[in-house]
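Below is input23.csv, holding CSV, C-alpha atoms.
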```csv
chain,number,residue,atom,x,y,z
A,1,MET,CA,11.5,5.8,-33.1
A,2,SER,CA,10.9,3.6,-30.1
A,3,ASN,CA,10.4,6.7,-27.8
A,4,LYS,CA,7.9,8.1,-30.2
A,5,LYS,CA,6.0,4.9,-30.3
A,6,GLN,CA,5.9,4.7,-26.5
A,7,HIS,CA,4.6,8.3,-26.3
A,8,ILE,CA,1.5,7.3,-28.3
A,9,LEU,CA,0.6,4.6,-25.8
A,10,GLU,CA,-2.4,5.8,-23.8
A,11,HIS,CA,-3.3,4.1,-20.5
A,12,PRO,CA,-7.1,3.6,-20.0
A,13,MET,CA,-6.8,5.4,-16.6
A,14,ASP,CA,-5.1,8.4,-18.1
A,15,ASP,CA,-8.4,10.3,-18.3
A,16,LEU,CA,-8.7,10.2,-14.5
A,17,LEU,CA,-5.1,11.2,-13.8
A,18,ARG,CA,-3.3,14.5,-14.0
A,19,MET,CA,-0.8,13.5,-16.6
A,20,ASP,CA,1.5,16.5,-16.1
A,21,ARG,CA,2.3,15.1,-12.6
A,22,ILE,CA,2.8,11.5,-13.6
A,23,PRO,CA,5.1,9.6,-12.8
A,24,HIS,CA,4.2,10.0,-9.2
A,25,ILE,CA,6.8,10.3,-6.4
A,26,TRP,CA,5.7,7.2,-4.5
A,27,CYS,CA,8.5,4.6,-3.9
A,28,PRO,CA,8.8,1.5,-6.0
A,29,GLY,CA,6.9,-1.3,-4.2
A,30,CYS,CA,4.5,1.1,-2.5
A,31,GLY,CA,0.8,0.0,-2.8
A,32,LEU,CA,-0.6,3.5,-3.0
A,33,GLY,CA,-0.6,3.6,-6.8
A,34,SER,CA,-2.6,0.3,-6.9
A,35,ASP,CA,-5.1,1.8,-4.5
A,36,VAL,CA,-5.6,4.9,-6.7
A,37,ALA,CA,-6.0,2.5,-9.7
A,38,ALA,CA,-8.7,0.6,-7.7
A,39,PHE,CA,-10.4,3.9,-6.8
A,40,ALA,CA,-10.5,5.0,-10.4
A,41,ASP,CA,-11.8,1.6,-11.5
A,42,GLY,CA,-14.4,1.6,-8.7
A,43,LEU,CA,-15.7,5.1,-9.8
A,44,LYS,CA,-16.0,3.8,-13.3
A,45,ARG,CA,-17.9,0.7,-12.1
A,46,ALA,CA,-20.2,2.8,-10.0
A,47,GLU,CA,-21.0,4.9,-13.1
A,48,VAL,CA,-21.1,8.2,-11.1
A,49,ASP,CA,-20.9,11.5,-12.9
A,50,PHE,CA,-17.2,12.5,-12.7
A,51,ASP,CA,-18.2,16.2,-12.6
A,52,LYS,CA,-20.0,15.5,-9.3
A,53,VAL,CA,-17.2,13.8,-7.5
A,54,ALA,CA,-14.8,15.6,-5.1
A,55,VAL,CA,-11.7,14.0,-3.6
A,56,VAL,CA,-10.5,15.5,-0.4
A,57,SER,CA,-7.2,14.5,1.2
A,58,GLY,CA,-5.0,15.6,4.0
A,59,ILE,CA,-1.2,15.5,4.4
A,60,GLY,CA,1.1,12.5,4.0
A,61,CYS,CA,2.0,10.1,1.3
A,62,THR,CA,-1.7,9.3,0.8
A,63,GLY,CA,-2.5,13.0,0.9
A,64,ARG,CA,-0.9,13.3,-2.5
A,65,VAL,CA,-3.8,11.4,-4.1
A,66,ALA,CA,-5.8,14.6,-4.5
A,67,GLY,CA,-2.9,16.0,-6.6
A,68,TYR,CA,-2.7,13.1,-8.9
A,69,ILE,CA,-6.4,12.4,-9.6
A,70,LYS,CA,-8.1,14.5,-12.3
A,71,LEU,CA,-11.4,15.2,-10.5
A,72,ASP,CA,-12.4,18.2,-8.3
A,73,SER,CA,-9.9,17.7,-5.6
A,74,TYR,CA,-8.9,19.4,-2.4
A,75,HIS,CA,-5.6,19.1,-0.6
A,76,THR,CA,-6.3,20.3,2.9
A,77,THR,CA,-4.4,20.9,6.1
A,78,HIS,CA,-3.1,18.1,8.3
A,79,GLY,CA,-5.8,16.0,9.8
A,80,ARG,CA,-8.7,18.3,8.7
A,81,ALA,CA,-9.7,16.4,5.6
A,82,ILE,CA,-13.1,15.4,7.1
A,83,PRO,CA,-14.1,18.9,8.4
A,84,PHE,CA,-13.4,20.3,4.9
A,85,ALA,CA,-15.4,17.4,3.4
A,86,THR,CA,-18.2,18.0,5.8
A,87,GLY,CA,-18.5,21.6,4.6
A,88,LEU,CA,-18.3,20.6,1.0
A,89,LYS,CA,-21.0,18.0,1.4
A,90,LEU,CA,-23.4,20.1,3.3
A,91,ALA,CA,-23.0,23.1,1.0
A,92,ASN,CA,-23.4,21.1,-2.2
A,93,ARG,CA,-25.3,17.9,-1.5
A,94,ASP,CA,-25.3,16.6,-5.1
A,95,LEU,CA,-21.6,15.9,-4.7
A,96,THR,CA,-20.1,12.5,-4.0
A,97,VAL,CA,-17.4,13.4,-1.5
A,98,VAL,CA,-14.6,11.0,-1.1
A,99,VAL,CA,-11.9,11.5,1.6
A,100,PHE,CA,-8.8,9.6,0.6
A,101,SER,CA,-6.2,9.8,3.3
A,102,GLY,CA,-3.8,7.9,5.4
A,103,ASP,CA,-3.9,6.4,8.9
A,104,GLY,CA,-1.7,9.1,10.4
A,105,ASP,CA,-3.9,11.9,9.0
A,106,LEU,CA,-7.3,10.4,9.7
A,107,PHE,CA,-6.6,8.6,13.0
A,108,ALA,CA,-3.7,10.4,14.7
A,109,ILE,CA,-4.2,14.1,14.3
A,110,GLY,CA,-7.7,13.9,12.8
A,111,GLY,CA,-9.1,11.1,15.1
A,112,ASN,CA,-11.9,13.1,16.7
A,113,HIS,CA,-13.1,14.5,13.4
A,114,LEU,CA,-13.5,11.0,12.0
A,115,ILE,CA,-15.3,9.6,15.0
A,116,HIS,CA,-17.7,12.5,15.1
A,117,ALA,CA,-18.4,12.3,11.3
A,118,ALA,CA,-19.2,8.6,11.8
A,119,ARG,CA,-21.4,9.4,14.8
A,120,ARG,CA,-23.4,12.0,12.8
A,121,ASN,CA,-23.5,9.5,9.9
A,122,LEU,CA,-22.4,12.2,7.4
A,123,ASP,CA,-22.9,11.2,3.7
A,124,ILE,CA,-19.2,10.9,2.8
A,125,ASN,CA,-17.0,8.0,1.8
A,126,VAL,CA,-13.7,7.6,3.6
A,127,ILE,CA,-10.9,5.5,2.2
A,128,CYS,CA,-8.1,5.1,4.8
A,129,VAL,CA,-4.8,3.7,3.5
A,130,ASN,CA,-3.2,2.0,6.5
A,131,ASN,CA,0.5,1.3,6.1
A,132,PHE,CA,1.2,1.0,9.9
A,133,ILE,CA,3.6,3.9,10.1
A,134,TYR,CA,4.2,7.6,9.4
A,135,GLY,CA,5.8,7.1,5.9
A,136,MET,CA,6.5,10.6,4.6
A,137,THR,CA,8.2,12.0,7.7
A,138,GLY,CA,10.6,9.0,8.1
A,139,GLY,CA,8.9,6.1,9.8
A,140,GLN,CA,7.9,7.4,13.2
A,141,ASN,CA,5.5,5.4,15.5
A,142,ALA,CA,1.9,5.8,14.4
A,143,PRO,CA,-1.3,4.9,16.4
A,144,THR,CA,-1.7,2.0,14.0
A,145,THR,CA,1.8,0.5,14.5
A,146,PRO,CA,1.3,-3.1,15.7
A,147,LEU,CA,2.6,-4.2,19.1
A,148,GLY,CA,6.3,-5.2,18.8
A,149,ALA,CA,6.9,-3.6,15.4
A,150,TYR,CA,10.0,-1.5,15.0
A,151,SER,CA,10.0,2.1,13.8
A,152,SER,CA,12.3,5.1,13.9
A,153,THR,CA,11.0,6.2,17.3
A,154,ALA,CA,10.6,2.6,18.7
A,155,PRO,CA,14.0,1.0,18.2
A,156,PHE,CA,13.3,-1.7,20.8
A,157,GLY,CA,9.8,-2.5,19.4
A,158,ASN,CA,6.5,-0.7,19.9
A,159,TYR,CA,4.9,-0.9,23.4
A,160,GLU,CA,1.7,0.9,22.6
A,161,ALA,CA,-1.4,-1.0,21.6
A,162,PRO,CA,-2.7,0.1,18.2
A,163,PHE,CA,-6.1,1.3,17.0
A,164,ASN,CA,-8.5,-1.1,15.4
A,165,LEU,CA,-9.7,1.2,12.6
A,166,VAL,CA,-12.7,-0.8,11.5
A,167,GLY,CA,-13.7,-1.4,15.1
A,168,ILE,CA,-13.7,2.3,15.9
A,169,THR,CA,-15.8,3.3,12.9
A,170,ALA,CA,-18.3,0.4,13.3
A,171,ALA,CA,-18.8,1.3,17.0
A,172,ALA,CA,-19.1,5.0,16.2
A,173,GLY,CA,-22.0,4.3,13.9
A,174,ALA,CA,-20.8,4.1,10.2
A,175,ASN,CA,-23.2,2.8,7.6
A,176,TYR,CA,-20.7,0.7,5.7
A,177,VAL,CA,-17.4,-0.6,7.0
A,178,ALA,CA,-15.0,-2.8,5.0
A,179,ARG,CA,-11.3,-3.8,5.2
A,180,TRP,CA,-9.2,-5.0,2.2
A,181,THR,CA,-5.6,-5.2,1.4
A,182,THR,CA,-3.9,-3.9,-1.7
A,183,VAL,CA,-3.7,-7.5,-3.1
A,184,GLN,CA,-7.4,-7.9,-3.4
A,185,ALA,CA,-7.6,-5.1,-6.0
A,186,ARG,CA,-10.9,-6.2,-7.6
A,187,ARG,CA,-12.8,-6.7,-4.3
A,188,LEU,CA,-11.4,-3.3,-3.2
A,189,SER,CA,-12.7,-1.6,-6.3
A,190,GLN,CA,-16.0,-3.3,-6.0
A,191,SER,CA,-16.2,-2.1,-2.4
A,192,ILE,CA,-15.4,1.5,-3.5
A,193,ALA,CA,-18.2,1.3,-6.1
A,194,THR,CA,-20.6,0.1,-3.4
A,195,ALA,CA,-19.6,2.9,-1.1
A,196,ALA,CA,-20.0,5.5,-3.9
A,197,LYS,CA,-23.6,4.5,-4.4
A,198,LYS,CA,-24.4,4.1,-0.7
A,199,LYS,CA,-25.8,6.8,1.6
A,200,GLY,CA,-24.3,7.6,4.9
A,201,PHE,CA,-20.8,7.3,6.3
A,202,CYS,CA,-18.8,4.6,4.4
A,203,PHE,CA,-15.4,3.6,5.7
A,204,ILE,CA,-12.9,1.4,3.8
A,205,GLU,CA,-9.6,0.5,5.3
A,206,VAL,CA,-6.9,-0.5,2.8
A,207,VAL,CA,-3.9,-2.4,4.3
A,208,SER,CA,-1.1,-1.3,2.1
A,209,PRO,CA,2.6,-2.1,2.0
A,210,CYS,CA,5.2,0.5,2.9
A,211,ALA,CA,8.4,-0.8,1.3
A,212,THR,CA,10.8,1.9,2.2
A,213,VAL,CA,10.2,2.4,5.9
A,214,PHE,CA,8.0,-0.3,7.5
A,215,ALA,CA,9.5,-3.2,5.6
A,216,ARG,CA,13.1,-1.9,6.1
A,217,LYS,CA,12.7,-1.4,9.9
A,218,ASN,CA,11.0,-4.8,10.3
A,219,LYS,CA,13.1,-6.9,8.0
A,220,GLY,CA,10.1,-7.4,5.7
A,221,GLY,CA,12.0,-7.3,2.4
A,222,THR,CA,10.6,-5.4,-0.5
A,223,GLY,CA,7.1,-4.2,-1.2
A,224,LEU,CA,6.5,-7.4,-3.2
A,225,ASP,CA,7.4,-9.5,-0.1
A,226,LEU,CA,5.0,-7.6,2.0
A,227,MET,CA,2.3,-8.1,-0.6
A,228,LYS,CA,3.0,-11.9,-0.6
A,229,GLU,CA,2.8,-11.9,3.3
A,230,PHE,CA,-0.5,-10.0,3.2
A,231,ARG,CA,-1.9,-12.5,0.7
A,232,ASN,CA,-0.8,-15.5,2.9
A,233,ARG,CA,-2.3,-13.9,6.1
A,234,THR,CA,-5.6,-12.7,4.6
A,235,VAL,CA,-8.8,-14.4,5.7
A,236,ILE,CA,-12.0,-13.2,4.1
A,237,ASP,CA,-14.9,-13.3,6.6
A,238,HIS,CA,-17.9,-11.0,6.0
A,239,LYS,CA,-19.6,-12.0,9.3
A,240,ALA,CA,-16.6,-11.2,11.6
A,241,ASP,CA,-17.2,-8.8,14.4
A,242,PRO,CA,-15.2,-5.7,13.5
A,243,THR,CA,-14.3,-4.9,17.1
A,244,GLN,CA,-12.6,-8.3,17.5
A,245,ILE,CA,-10.2,-8.3,14.6
A,246,PRO,CA,-7.2,-6.0,15.4
A,247,LEU,CA,-4.2,-6.0,13.0
A,248,THR,CA,-1.1,-7.6,14.5
A,249,MET,CA,2.4,-8.5,13.2
A,250,ASP,CA,1.8,-12.2,12.8
A,251,ASP,CA,-1.9,-13.1,13.0
A,252,GLU,CA,-4.3,-13.3,10.2
A,253,ILE,CA,-5.7,-10.2,8.5
A,254,VAL,CA,-9.4,-10.6,8.5
A,255,CYS,CA,-10.9,-8.8,5.5
A,256,GLY,CA,-14.5,-8.3,4.3
A,257,GLU,CA,-17.5,-6.0,4.4
A,258,PHE,CA,-18.3,-6.1,8.1
A,259,VAL,CA,-21.1,-3.5,8.4
A,260,ASN,CA,-23.8,-2.7,5.8
A,261,ARG,CA,-26.8,-0.9,7.3
A,262,GLU,CA,-29.3,1.8,6.3
A,263,ASP,CA,-29.3,4.2,9.2
A,264,PRO,CA,-30.6,7.8,8.5
A,265,THR,CA,-27.9,10.2,7.5
A,266,PHE,CA,-27.1,13.6,9.1
A,267,TRP,CA,-29.0,15.5,6.4
A,268,GLU,CA,-32.0,13.3,6.6
A,269,ASN,CA,-32.1,13.8,10.4
A,270,VAL,CA,-31.9,17.6,9.9
A,271,GLN,CA,-34.7,17.5,7.4
A,272,ASN,CA,-36.9,15.4,9.7
A,273,GLY,CA,-36.1,17.8,12.6
A,274,ILE,CA,-37.1,20.8,10.6
A,275,LYS,CA,-40.3,19.1,9.3
A,276,ASP,CA,-41.4,18.3,12.9
A,277,GLN,CA,-40.8,21.9,14.0
A,278,VAL,CA,-42.7,23.3,11.0
A,279,GLU,CA,-45.7,21.0,11.7
A,280,LYS,CA,-45.6,21.9,15.4
A,281,ASN,CA,-45.6,25.6,14.6
A,282,ALA,CA,-47.9,25.6,11.6
A,283,ASP,CA,-50.2,28.3,13.1
A,284,TRP,CA,-47.3,30.4,14.3
A,285,GLU,CA,-49.1,33.7,14.5
A,286,LYS,CA,-51.9,32.3,16.6
A,287,ILE,CA,-49.4,30.8,19.1
A,288,GLN,CA,-47.5,34.0,19.2
A,289,SER,CA,-50.5,36.2,19.9
A,290,GLU,CA,-51.7,33.9,22.7
A,291,LYS,CA,-48.2,33.9,24.2
A,292,ASN,CA,-48.2,37.7,24.0
A,293,LYS,CA,-51.6,37.9,25.7
A,294,ARG,CA,-50.3,35.7,28.5
A,295,LEU,CA,-47.1,37.7,28.9
A,296,TYR,CA,-49.2,40.9,29.0
A,297,LYS,CA,-51.4,39.6,31.7
A,298,LYS,CA,-48.3,38.4,33.7
A,299,THR,CA,-46.7,41.9,33.5
A,300,LEU,CA,-49.9,43.5,34.6
A,301,LYS,CA,-50.1,41.2,37.6
A,302,TYR,CA,-46.5,41.8,38.5
A,303,GLU,CA,-46.8,45.5,38.4
A,304,GLY,CA,-50.0,45.4,40.5
A,305,SER,CA,-48.5,43.2,43.2
A,306,ARG,CA,-45.5,45.5,43.4
A,307,ASP,CA,-47.7,48.5,43.9
A,308,ILE,CA,-49.5,46.8,46.7
A,309,GLY,CA,-46.3,45.5,48.3
B,1,MET,CA,-6.5,-34.0,-20.3
B,2,LYS,CA,-7.0,-35.3,-23.9
B,3,GLN,CA,-10.5,-34.9,-25.2
B,4,TRP,CA,-11.9,-38.0,-27.0
B,5,GLU,CA,-14.7,-36.2,-28.6
B,6,ARG,CA,-14.9,-32.6,-29.8
B,7,PRO,CA,-17.9,-30.9,-28.3
B,8,PHE,CA,-20.1,-29.1,-30.9
B,9,GLY,CA,-17.5,-29.8,-33.6
B,10,ARG,CA,-15.2,-27.2,-32.3
B,11,SER,CA,-11.5,-27.8,-32.1
B,12,LYS,CA,-10.8,-25.5,-29.2
B,13,PRO,CA,-13.1,-23.4,-26.9
B,14,GLU,CA,-12.9,-19.8,-27.8
B,15,THR,CA,-11.3,-17.5,-25.3
B,16,VAL,CA,-10.6,-13.8,-25.3
B,17,LYS,CA,-7.0,-13.1,-26.2
B,18,GLY,CA,-5.2,-10.1,-24.8
B,19,GLU,CA,-2.4,-7.9,-25.9
B,20,VAL,CA,-0.2,-6.5,-23.2
B,21,LYS,CA,1.0,-2.9,-23.7
B,22,ILE,CA,3.8,-1.6,-21.4
B,23,VAL,CA,4.7,2.1,-21.0
B,24,GLU,CA,8.3,1.3,-20.2
B,25,ASP,CA,9.5,4.6,-18.9
B,26,ARG,CA,6.8,4.8,-16.2
B,27,CYS,CA,7.8,1.4,-14.7
B,28,LYS,CA,9.6,1.3,-11.4
B,29,GLY,CA,10.3,-2.4,-11.5
B,30,CYS,CA,8.3,-3.4,-8.4
B,31,GLY,CA,7.4,-6.8,-9.9
B,32,PHE,CA,3.7,-6.8,-8.8
B,33,CYS,CA,2.5,-7.6,-12.3
B,34,VAL,CA,5.0,-10.5,-12.8
B,35,GLU,CA,3.9,-12.0,-9.4
B,36,TYR,CA,0.2,-11.6,-9.7
B,37,CYS,CA,-0.4,-12.5,-13.4
B,38,PRO,CA,-2.6,-15.6,-13.2
B,39,CYS,CA,-1.3,-17.0,-16.5
B,40,ASP,CA,2.4,-16.1,-15.9
B,41,VAL,CA,2.6,-14.1,-19.1
B,42,LEU,CA,5.1,-11.5,-17.8
B,43,GLU,CA,8.7,-11.6,-16.9
B,44,LEU,CA,11.2,-8.9,-15.8
B,45,SER,CA,13.6,-8.1,-18.6
B,46,ASP,CA,17.3,-7.4,-18.4
B,47,LYS,CA,17.3,-4.1,-20.2
B,48,PHE,CA,17.0,-0.8,-18.4
B,49,ASN,CA,14.4,2.0,-18.9
B,50,LYS,CA,15.1,5.7,-18.6
B,51,LYS,CA,15.1,5.7,-14.8
B,52,GLY,CA,17.3,2.6,-14.5
B,53,TYR,CA,14.6,0.0,-13.6
B,54,HIS,CA,14.0,-3.3,-15.3
B,55,PRO,CA,10.5,-3.1,-16.9
B,56,PRO,CA,8.6,-6.4,-17.6
B,57,TYR,CA,8.0,-7.9,-21.0
B,58,ALA,CA,5.3,-10.3,-22.2
B,59,GLU,CA,7.2,-13.6,-22.5
B,60,LYS,CA,4.2,-15.8,-23.2
B,61,LEU,CA,1.8,-13.4,-24.9
B,62,GLU,CA,-0.4,-16.1,-26.4
B,63,GLU,CA,-1.5,-17.2,-22.9
B,64,CYS,CA,-2.9,-13.8,-21.9
B,65,THR,CA,-6.7,-14.0,-21.4
B,66,ALA,CA,-7.2,-10.2,-20.9
B,67,CYS,CA,-8.2,-10.5,-17.2
B,68,LYS,CA,-6.6,-7.0,-16.7
B,69,LEU,CA,-5.3,-7.8,-13.2
B,70,CYS,CA,-1.9,-6.3,-14.1
B,71,GLU,CA,-3.7,-3.1,-15.1
B,72,MET,CA,-5.4,-3.0,-11.7
B,73,ILE,CA,-2.4,-3.8,-9.6
B,74,CYS,CA,0.3,-1.7,-11.3
B,75,PRO,CA,1.1,1.2,-9.0
B,76,ASP,CA,2.6,3.3,-11.7
B,77,PHE,CA,-0.1,3.0,-14.4
B,78,ALA,CA,2.5,1.6,-16.7
B,79,ILE,CA,0.8,-1.6,-18.0
B,80,PHE,CA,-2.5,-2.2,-19.7
B,81,VAL,CA,-4.3,-4.8,-21.8
B,82,ILE,CA,-6.2,-4.5,-25.0
B,83,GLU,CA,-8.6,-7.3,-26.0
B,84,LYS,CA,-7.5,-8.7,-29.4
B,85,GLU,CA,-10.1,-9.3,-32.0
B,86,GLU,CA,-10.8,-13.0,-32.5
B,87,GLU,CA,-9.2,-14.5,-35.5
B,88,ILE,CA,-11.5,-16.8,-37.4
B,89,ASP,CA,-9.8,-19.8,-38.8
```

In structure tokens, how does this file's structure come out?
Amino acid sequence: MSNKKQHILEHPMDDLLRMDRIPHIWCPGCGLGSDVAAFADGLKRAEVDFDKVAVVSGIGCTGRVAGYIKLDSYHTTHGRAIPFATGLKLANRDLTVVVFSGDGDLFAIGGNHLIHAARRNLDINVICVNNFIYGMTGGQNAPTTPLGAYSSTAPFGNYEAPFNLVGITAAAGANYVARWTTVQARRLSQSIATAAKKKGFCFIEVVSPCATVFARKNKGGTGLDLMKEFRNRTVIDHKADPTQIPLTMDDEIVCGEFVNREDPTFWENVQNGIKDQVEKNADWEKIQSEKNKRLYKKTLKYEGSRDIG
Amino acid sequence: MKQWERPFGRSKPETVKGEVKIVEDRCKGCGFCVEYCPCDVLELSDKFNKKGYHPPYAEKLEECTACKLCEMICPDFAIFVIEKEEEID
């Protein structure tokens, strides 16, 4: 009887999830499920047409989001989520394309794709879940692992300085850059709603706990302990310079919406470029005929000079 | 704080009441909802679900104000809140 009763219970997010694949395989204490919930809530807040949303993700723990969310979704090769999203957006410009992927996928193997998408100011939203480590493959050192953190391939502590994700994208020219942790679920979903409505390259970094690998290697306790630590260390400062706020093991995590500007997007630039060319070459046939006349004269001259010579 | 005078003749300000629903077999017992409930409604129970985790239960359901933070923060989509209709005394 009790089982039957529970079966009837319908979660309000069930309409955005592929229920045949739920429960998901993410570990207990992982923040990824919360991020997906915030994403679904943000899309509902933004009131976008769900038929015109496409979710693209790469490989990794976060790459599984595309499989769990019941929208048009695309699970691509490792690190190439942004090239696929670029093609998707430019071929069908009515779509709201969201790239939902992890730090290893977007910044390690796909680092150049992300930087150049930000430089071109492509009209896509990128949500990067940063858990400081390669989670799915067993906790190897990632380009986002903070200095001094332990991982499977850094048993004496990490010696490599990490990337500052918000700093890179802000410097590369993104239109909207924000950083939140999983604890600030409402602010995160508000940020996702803002990005869904905004034009241009929108980047949201979500600092998320990895209970099984990162917490275990660094004596961080459970996922809940990491969440408490994030909450204690978080400082919300919207006016902070994104290039000056790297993530470290002990210092504060500065969160906020750092960049919010209205630069022209890639497609607007293409349109403007084509328009200028069309205006310049409005009387194309006349220009061509004059050019041909000139060329004809030139060839005559050349032949003549050769004969004389 | 005890009120000396009742504003507008009402005994108590009306607040929205919530009803917590838990899909117990989806829960993985991470404890996020118990930690982040602003009204401390939830508590981890002693019983086991199908997978062997301890799902939460609503210990002080009358204090739930339907803020829906547990719904947002649950990583397993296992908890949600329905707004109760107001009972008129």

Contact table chain A vs chain B, cut-off 6 Å, shortest pair per residue, all atoms listed in the file, as a Markdown table:
```
| residue | atom | partner | partner_atom | distance |
| --- | --- | --- | --- | --- |
| A:Pro28 | CA | B:Lys28 | CA | 5.5 |
| A:Gly29 | CA | B:Cys30 | CA | 4.9 |
| A:Gly33 | CA | B:Pro75 | CA | 3.7 |
| A:Ser34 | CA | B:Pro75 | CA | 4.3 |
| A:Ala37 | CA | B:Met72 | CA | 5.9 |
```

Practice task
Can you pull out every residue within 10 Å of Ala172 of chain A, counting only C-alpha atoms, but drop anything in the same chain fewer than 3 positions away, and send it as a list in words?
Solution key: Leu114, Ile115, His116, Ala117, Ala118, Arg119, Arg120, Asn121, Val166, Gly167, Ile168, Thr169 and Asn175 of chain A

Mind dumping the selected residues with C-alpha atoms as a compact mmCIF listing (two decimals), in the frame of the given file?
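Result went into result.txt, see below:
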```txt
# COMPACT_ATOMS: atom_id res chain seq x y z
CA LEU A 114 -13.50 11.00 12.00
CA ILE A 115 -15.30 9.60 15.00
CA HIS A 116 -17.70 12.50 15.10
CA ALA A 117 -18.40 12.30 11.30
CA ALA A 118 -19.20 8.60 11.80
CA ARG A 119 -21.40 9.40 14.80
CA ARG A 120 -23.40 12.00 12.80
CA ASN A 121 -23.50 9.50 9.90
CA VAL A 166 -12.70 -0.80 11.50
CA GLY A 167 -13.70 -1.40 15.10
CA ILE A 168 -13.70 2.30 15.90
CA THR A 169 -15.80 3.30 12.90
CA ASN A 175 -23.20 2.80 7.60
```

Exercise for the section: Go through A:Leu17, A:Cys255, A:Cys210, A:Val278 one by one, measure the shortest atom-to-atom distance of each to Leu226 of chain A using all atoms listed in the file, and give the residue with the smallest value. Expected result: A:Cys210

Exercise for the section: Give the answer as one residue: which of B:Val20, B:Val34, B:Val41, B:Lys84 has the shortest atom-to-atom distance to His54 of chain B, using all atoms listed in the file? Expected result: B:Val34

Exercise for the section: Please identify all polymer residues within 12 Å of Leu32 of chain A, counting all atoms listed in the file, omitting same-chain residues fewer than 5 positions from it, and present them as a PyMOL selection string. Expected result: (chain A and resi 24-27+37-39+60-65+68+100-102+127-131+135+181-183+185+206-211+223) or (chain B and resi 72-77)

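Atom pair atom CA of Leu224 of chain A / atom CA of Cys30 of chain A has a distance of 8.8 Å (rounded to one decimal).
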
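Counting from atom CA of Leu90 of chain A, the distance to atom CA of Ile109 of chain A is 22.9 Å.
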
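Interatomic distance, atom CA of Leu95 of chain A to atom CA of Lys52 of chain A: 4.9 Å.
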
Handout entry: Contact residues around Glu59 of chain B with only C-alpha atoms at 10 Å, ignoring same-chain residues under 3 positions, as a ChimeraX atom specification
Key = /B:40-45,56,62-63

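Considering only C-alpha atoms, the residue among A:Ala215, A:Ile69, A:Leu295, A:Ala196 positioned nearest to Met19 of chain A is A:Ile69.
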
Mind completing segment 52-62 of chain B with N, CA, C and O atoms? Output as a PDB file, in the frame of the given file, please?
```pdb
ATOM      1  N   GLY B  52      16.343   3.623 -14.989  1.00  0.00           N
ATOM      2  CA  GLY B  52      17.300   2.600 -14.500  1.00  0.00           C
ATOM      3  C   GLY B  52      16.623   1.419 -13.858  1.00  0.00           C
ATOM      4  O   GLY B  52      17.275   0.670 -13.139  1.00  0.00           O
ATOM      5  N   TYR B  53      15.322   1.234 -14.063  1.00  0.00           N
ATOM      6  CA  TYR B  53      14.600   0.000 -13.600  1.00  0.00           C
ATOM      7  C   TYR B  53      14.495  -0.977 -14.676  1.00  0.00           C
ATOM      8  O   TYR B  53      14.603  -0.639 -15.855  1.00  0.00           O
ATOM      9  N   HIS B  54      14.206  -2.224 -14.294  1.00  0.00           N
ATOM     10  CA  HIS B  54      14.000  -3.300 -15.300  1.00  0.00           C
ATOM     11  C   HIS B  54      12.484  -3.388 -15.552  1.00  0.00           C
ATOM     12  O   HIS B  54      11.751  -3.889 -14.698  1.00  0.00           O
ATOM     13  N   PRO B  55      11.981  -2.959 -16.671  1.00  0.00           N
ATOM     14  CA  PRO B  55      10.500  -3.100 -16.900  1.00  0.00           C
ATOM     15  C   PRO B  55      10.232  -4.562 -17.349  1.00  0.00           C
ATOM     16  O   PRO B  55      11.120  -5.287 -17.798  1.00  0.00           O
ATOM     17  N   PRO B  56       8.986  -4.990 -17.183  1.00  0.00           N
ATOM     18  CA  PRO B  56       8.600  -6.400 -17.600  1.00  0.00           C
ATOM     19  C   PRO B  56       8.389  -6.430 -19.102  1.00  0.00           C
ATOM     20  O   PRO B  56       8.276  -5.421 -19.782  1.00  0.00           O
ATOM     21  N   TYR B  57       8.346  -7.653 -19.598  1.00  0.00           N
ATOM     22  CA  TYR B  57       8.000  -7.900 -21.000  1.00  0.00           C
ATOM     23  C   TYR B  57       7.073  -9.090 -21.050  1.00  0.00           C
ATOM     24  O   TYR B  57       7.096  -9.927 -20.155  1.00  0.00           O
ATOM     25  N   ALA B  58       6.267  -9.176 -22.104  1.00  0.00           N
ATOM     26  CA  ALA B  58       5.300 -10.300 -22.200  1.00  0.00           C
ATOM     27  C   ALA B  58       6.066 -11.476 -22.849  1.00  0.00           C
ATOM     28  O   ALA B  58       6.369 -11.479 -24.038  1.00  0.00           O
ATOM     29  N   GLU B  59       6.381 -12.443 -21.980  1.00  0.00           N
ATOM     30  CA  GLU B  59       7.200 -13.600 -22.500  1.00  0.00           C
ATOM     31  C   GLU B  59       6.259 -14.577 -23.220  1.00  0.00           C
ATOM     32  O   GLU B  59       6.588 -15.049 -24.295  1.00  0.00           O
ATOM     33  N   LYS B  60       5.093 -14.881 -22.613  1.00  0.00           N
ATOM     34  CA  LYS B  60       4.200 -15.800 -23.200  1.00  0.00           C
ATOM     35  C   LYS B  60       2.868 -15.101 -23.565  1.00  0.00           C
ATOM     36  O   LYS B  60       1.868 -15.283 -22.897  1.00  0.00           O
ATOM     37  N   LEU B  61       2.925 -14.259 -24.558  1.00  0.00           N
ATOM     38  CA  LEU B  61       1.800 -13.400 -24.900  1.00  0.00           C
ATOM     39  C   LEU B  61       0.564 -14.201 -25.280  1.00  0.00           C
ATOM     40  O   LEU B  61      -0.574 -13.799 -25.026  1.00  0.00           O
ATOM     41  N   GLU B  62       0.776 -15.372 -25.873  1.00  0.00           N
ATOM     42  CA  GLU B  62      -0.400 -16.100 -26.400  1.00  0.00           C
ATOM     43  C   GLU B  62      -1.224 -16.681 -25.234  1.00  0.00           C
ATOM     44  O   GLU B  62      -2.360 -17.070 -25.445  1.00  0.00           O
TER      45      GLU B  62
END
```
